[in-house]
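Remarks on the structure that follows.
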2 protein chains.
Amino acid sequence: MIDISGSGQLPLLTQRLSDLRASPVRAMLEASQKPDVISFAGGLPAPETFAKATLPASAEAALQYGPSEGEPRLRALIAEELQAIGLDCDADQVLILSGSQQGIDLSAKLTVDAGTRIAVESPTYLAALQVFRFFGAAFESMPPDLSVNWTRQDHPAMAYIIPTFQNPTGRCWSADEREAFAHNCEASDVILFEDDPYRDLAYEACERRPVASWMKQGSWIYQGSFSKTLSPGLRLGFMVASRDLYPHLLLLKQAADLHSNRLSQYMVIDQLTAPDRAARRDFLVSTYRARRDAFADAMRRHLGNAVEWQVPPGGLFFWLTLPDHVDVDALLAAAIKRKVLFTPGRPFYADEALASPSIRLNFSHASQEAADAGLAILGDLLRA
Amino acid sequence: MIDISGSGQLPLLTQRLSDLRASPVRAMLEASQKPDVISFAGGLPAPETFAKATLPASAEAALQYGPSEGEPRLRALIAEELQAIGLDCDADQVLILSGSQQGIDLSAKLTVDAGTRIAVESPTYLAALQVFRFFGAAFESMPPDLSVNWTRQDHPAMAYIIPTFQNPTGRCWSADEREAFAHNCEASDVILFEDDPYRDLAYEACERRPVASWMKQGSWIYQGSFSKTLSPGLRLGFMVASRDLYPHLLLLKQAADLHSNRLSQYMVIDQLTAPDRAARRDFLVSTYRARRDAFADAMRRHLGNAVEWQVPPGGLFFWLTLPDHVDVDALLAAAIKRKVLFTPGRPFYADEALASPSIRLNFSHASQEAADAGLAILGDLLRA
């Protein structure tokens, strides 16, 4: 846990720091990695799904400084894959990131001054809220049906969305919702920022075509991650952007860390072109689907009817709405005492007044036995 | 070259973007890696000095998400080494960075609002100016003798310095200068930000004790890099900070990219603890010393008396002051036509009015033959 309360008399620091809050997910990471703790917090992939770490043949070449844009071969592979899912883009619109969290930082730097309006789902990814808030964003929480009344005269600067297996809710937007939202952004000059780290973790058939693929004009950013499908320790993601935004994002990337780790980029090239890639993805999806289903069974057995939730069609999380009288902070404190961790729902809301008692449970990391034991404890605590 | 001129009608972007300029060094990187180009631009280390890329024994463990602070073992090793050079710090003050460029981004986020005063050497590292400028810094260029008249009532928020083998000048501060500057910062509540990527590239005996080691109170950040001594493609550096600043920097790191590449961290642990480490460092230093000396000889032969320069005691660069009538932009254009690259001096100045015609030449990357040929061409152009 990062304690910034005891820092005492501080020198001249930026005003924005007071708006920067520790991510409760990251703060619990250390505790979550102790062997006797059952963690439903975080979004840790299951290590048994990782490809074996293998040094790429061209490792020596990877040791020198490289281009800020990323390795040309990796950019080309990503562009090909995006074209195949309907996103019209070229390799020169691809920017390799040091993980997709960096894409949020760059996008915030691109758009957010103090008071800049950013539209978000409610709830949405808390570490995105953290970054936008740091740069001074004024949030506009969109209603669940995504209805907005933006005009060219009155609109947020950017809309940040996770339309596919959303974090934290697991929801997947329909084709109609995707198309309508893209048209709304186009018609009102709103930059679309689509975050898509979970798209390969699909356990049911559902629409996954990028919202950005419906943007025939206008400005957009689409980003993806290798953390969930390959491995997170490599810290690699990517962003694709409309041609008006790309040069600015590239400059911001250059200023942030010159370029991303080259050895990781070469390793990802090898993994994306490996003959067993499709088999590995099938294994990943079937592993997580089985965990999701077992998790849902255990929830039905242990949590009772007072808790509302749906089986997510993809992604890594269950989103639980609790009865109004539940004090989530007290529930978490009691759970931690019994060595069970989860993520409270409140930090996922830009406007906390919209939050009802809720929690997010990750199902990808804990074993089936651990998940059952942890959910039994949560059920006990909810009845108490 | 990043072209942002043709972007046309832009959506709502932050005001700060207009202050973000492409680094001329990064812009020339692509050209510099063509085989028939002789590049004195950039600061590319010589690949023959890199340790062989070897997968660490614990590679599999490195694939999962890790702590934002960095790997505990690496933080402990770094703290030990800093204690050995006089900097009083513990492992829990060490933050692993995705290269030391990231440390500049985090420090700027920590301190700089629009109009915040940042004191800098003149000239100084251009990519630091780029980042501070993006966040809105008002620069205060310090005189060459570092004399400043700061008080607790009137002082910059932070002083950014490279006291050891400075980029671009190669200068190394004396012990007296270091101690006096630390006391100035302490006495006037200025945050000291010491950037020290070149300290191991010492070709002559000179004072290298960190300025931060003289700070007995007050706020300070000291950062170093593995890019020059191990390899830049790994994108790893580190920062150590006084206890009042550290928690904020850690939060900013978390928001920027969650954590640094773990495989690189494990590789650096292996390299720092390898039995041949001292021998490798000796080889690195003797290789670069020989290149520096050969480069100086070639400059004496080719450049004539009108150009002023000194042999740097360490680091990667010669800094050349040219006669007043030389148009450096025209010189660069002519040099590029003859496939020779260098970095113009002007972007290294926060206040360009202080810049006289000057250029920076890197001596670590080009072979001795290439350096001789390139300097002969530069000499030709200067006489023309």
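Residue numbers start at 1 in each chain; chains themselves are named A, B, ... in the order of the structure tokens; ligands are numbered from 1 in the order shown.
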**Request:** At a cut-off of 6 Å, list the chain A residues touching chain B, using only C-alpha atoms, as a ChimeraX atom specification.
**Result:** /A:4,7,12-14,62-65,101-102,105,110-113,157,231-235,244,247,256-257,261-262
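Among the candidates B:Met142, B:Ile269, B:Phe165, B:Gly374, the residue lying nearest to Glu71 of chain B is B:Ile269 (atoms considered: only C-alpha atoms).
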**Request:** Give me the residues within 8 Å of Val211 of chain A as a list in words, counting only C-alpha atoms and dropping any in the same chain fewer than 5 places off.
**Result:** Pro163, Arg178, Glu179, Phe181, Ala182 and Glu194 of chain A
**Message:** Based on the backbone DSSP call, show me all residues of segment 292-358 of chain B assigned alpha helix (DSSP H), as a VMD selection string.
**Reply:** chain B and resid 292 to 303 328 to 337
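One finds atom CA of Ile359 of chain B at 17.0 Å from atom CA of Ala384 of chain B.
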Neighbouring residues of segment 172-174 of chain A were defined as those with any atom within 9 Å, considering only C-alpha atoms; residues of the same chain fewer than 2 positions away were excluded. Please report them as a PDB file with C-alpha atoms, in the first residue's frame.
ATOM      1  CA  ILE A 162     -14.053  -0.632 -23.433  1.00  0.00           C
ATOM      2  CA  PRO A 163     -16.812  -2.072 -25.633  1.00  0.00           C
ATOM      3  CA  THR A 164     -15.638  -5.684 -25.620  1.00  0.00           C
ATOM      4  CA  PHE A 165     -15.828  -7.585 -22.304  1.00  0.00           C
ATOM      5  CA  GLN A 166     -15.726  -4.374 -20.387  1.00  0.00           C
ATOM      6  CA  THR A 169     -18.754  -5.287 -15.962  1.00  0.00           C
ATOM      7  CA  GLY A 170     -17.826  -7.858 -18.637  1.00  0.00           C
ATOM      8  CA  ASP A 176     -25.955  -1.507 -33.303  1.00  0.00           C
ATOM      9  CA  GLU A 177     -24.473   0.124 -30.212  1.00  0.00           C
ATOM     10  CA  ARG A 178     -21.020   0.118 -31.773  1.00  0.00           C
ATOM     11  CA  GLU A 179     -22.125   1.655 -35.046  1.00  0.00           C
ATOM     12  CA  CYS A 206     -20.595 -11.993 -29.611  1.00  0.00           C
ATOM     13  CA  GLU A 207     -19.960  -8.897 -31.690  1.00  0.00           C
ATOM     14  CA  ARG A 208     -16.349  -7.802 -31.314  1.00  0.00           C
ATOM     15  CA  PRO A 312     -19.723 -12.478 -18.612  1.00  0.00           C
ATOM     16  CA  PRO A 313     -19.335 -13.614 -22.255  1.00  0.00           C
ATOM     17  CA  GLY A 314     -15.597 -12.869 -22.116  1.00  0.00           C
TER      18      GLY A 314
END
**Prompt:** B:Val240, B:Val37, B:Leu129, B:Leu381: which is nearest Ala91 of chain B, counting only C-alpha atoms?
**Reply:**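 Using only C-alpha atoms, the shortest distance to Ala91 of chain B belongs to B:Val240.
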**Item:** Polymer residues at most 8 Å from Ala298 of chain B, only C-alpha atoms, same-chain spacing of 3 or more positions, as a PyMOL selection string
**Value:** chain B and resi 294-295+301-302+371-372+375-376
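Within segment 223-328 of chain A, DSSP applied to the backbone places the following residues in strand (DSSP E): Gln223, Gly224, Ser225, Gly237, Phe238, Met239, Val240, Ala241, Phe317, Phe318, Trp319, Leu320 and Thr321 of chain A.
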Store the residues picked out above, limited to C-alpha atoms, as a compact mmCIF listing (two decimals), in the first residue's frame.
# COMPACT_ATOMS: atom_id res chain seq x y z
CA GLN A 223 -5.40 0.04 -28.41
CA GLY A 224 -4.72 -3.56 -27.54
CA SER A 225 -2.48 -5.52 -25.22
CA GLY A 237 0.79 -3.29 -26.02
CA PHE A 238 0.00 -1.29 -29.12
CA MET A 239 -2.05 1.63 -30.29
CA VAL A 240 -3.39 2.49 -33.73
CA ALA A 241 -4.61 6.00 -34.43
CA PHE A 317 -14.19 -10.49 -14.29
CA PHE A 318 -17.52 -10.99 -12.59
CA TRP A 319 -19.27 -7.78 -11.51
CA LEU A 320 -21.49 -8.17 -8.45
CA THR A 321 -24.14 -5.75 -7.27
**Point-to-point distance in Å for atom CA of Leu272 of chain B and atom CA of Pro72 of chain B** = 14.1 Å
**Request:** Kindly give the distance, in Å, that separates atom CA of Ser141 of chain A and atom CA of Leu95 of chain A, rounded to a single decimal.
**Result:**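 These two atoms are separated by 28.5 Å.
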**Neighbour list for Leu382 of chain A as a list in words, cut-off 9 Å, only C-alpha atoms, skip fewer than 6 positions in-chain** =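 My reading of the contact set: Leu303, Leu322, Val326 and Leu331 of chain A.
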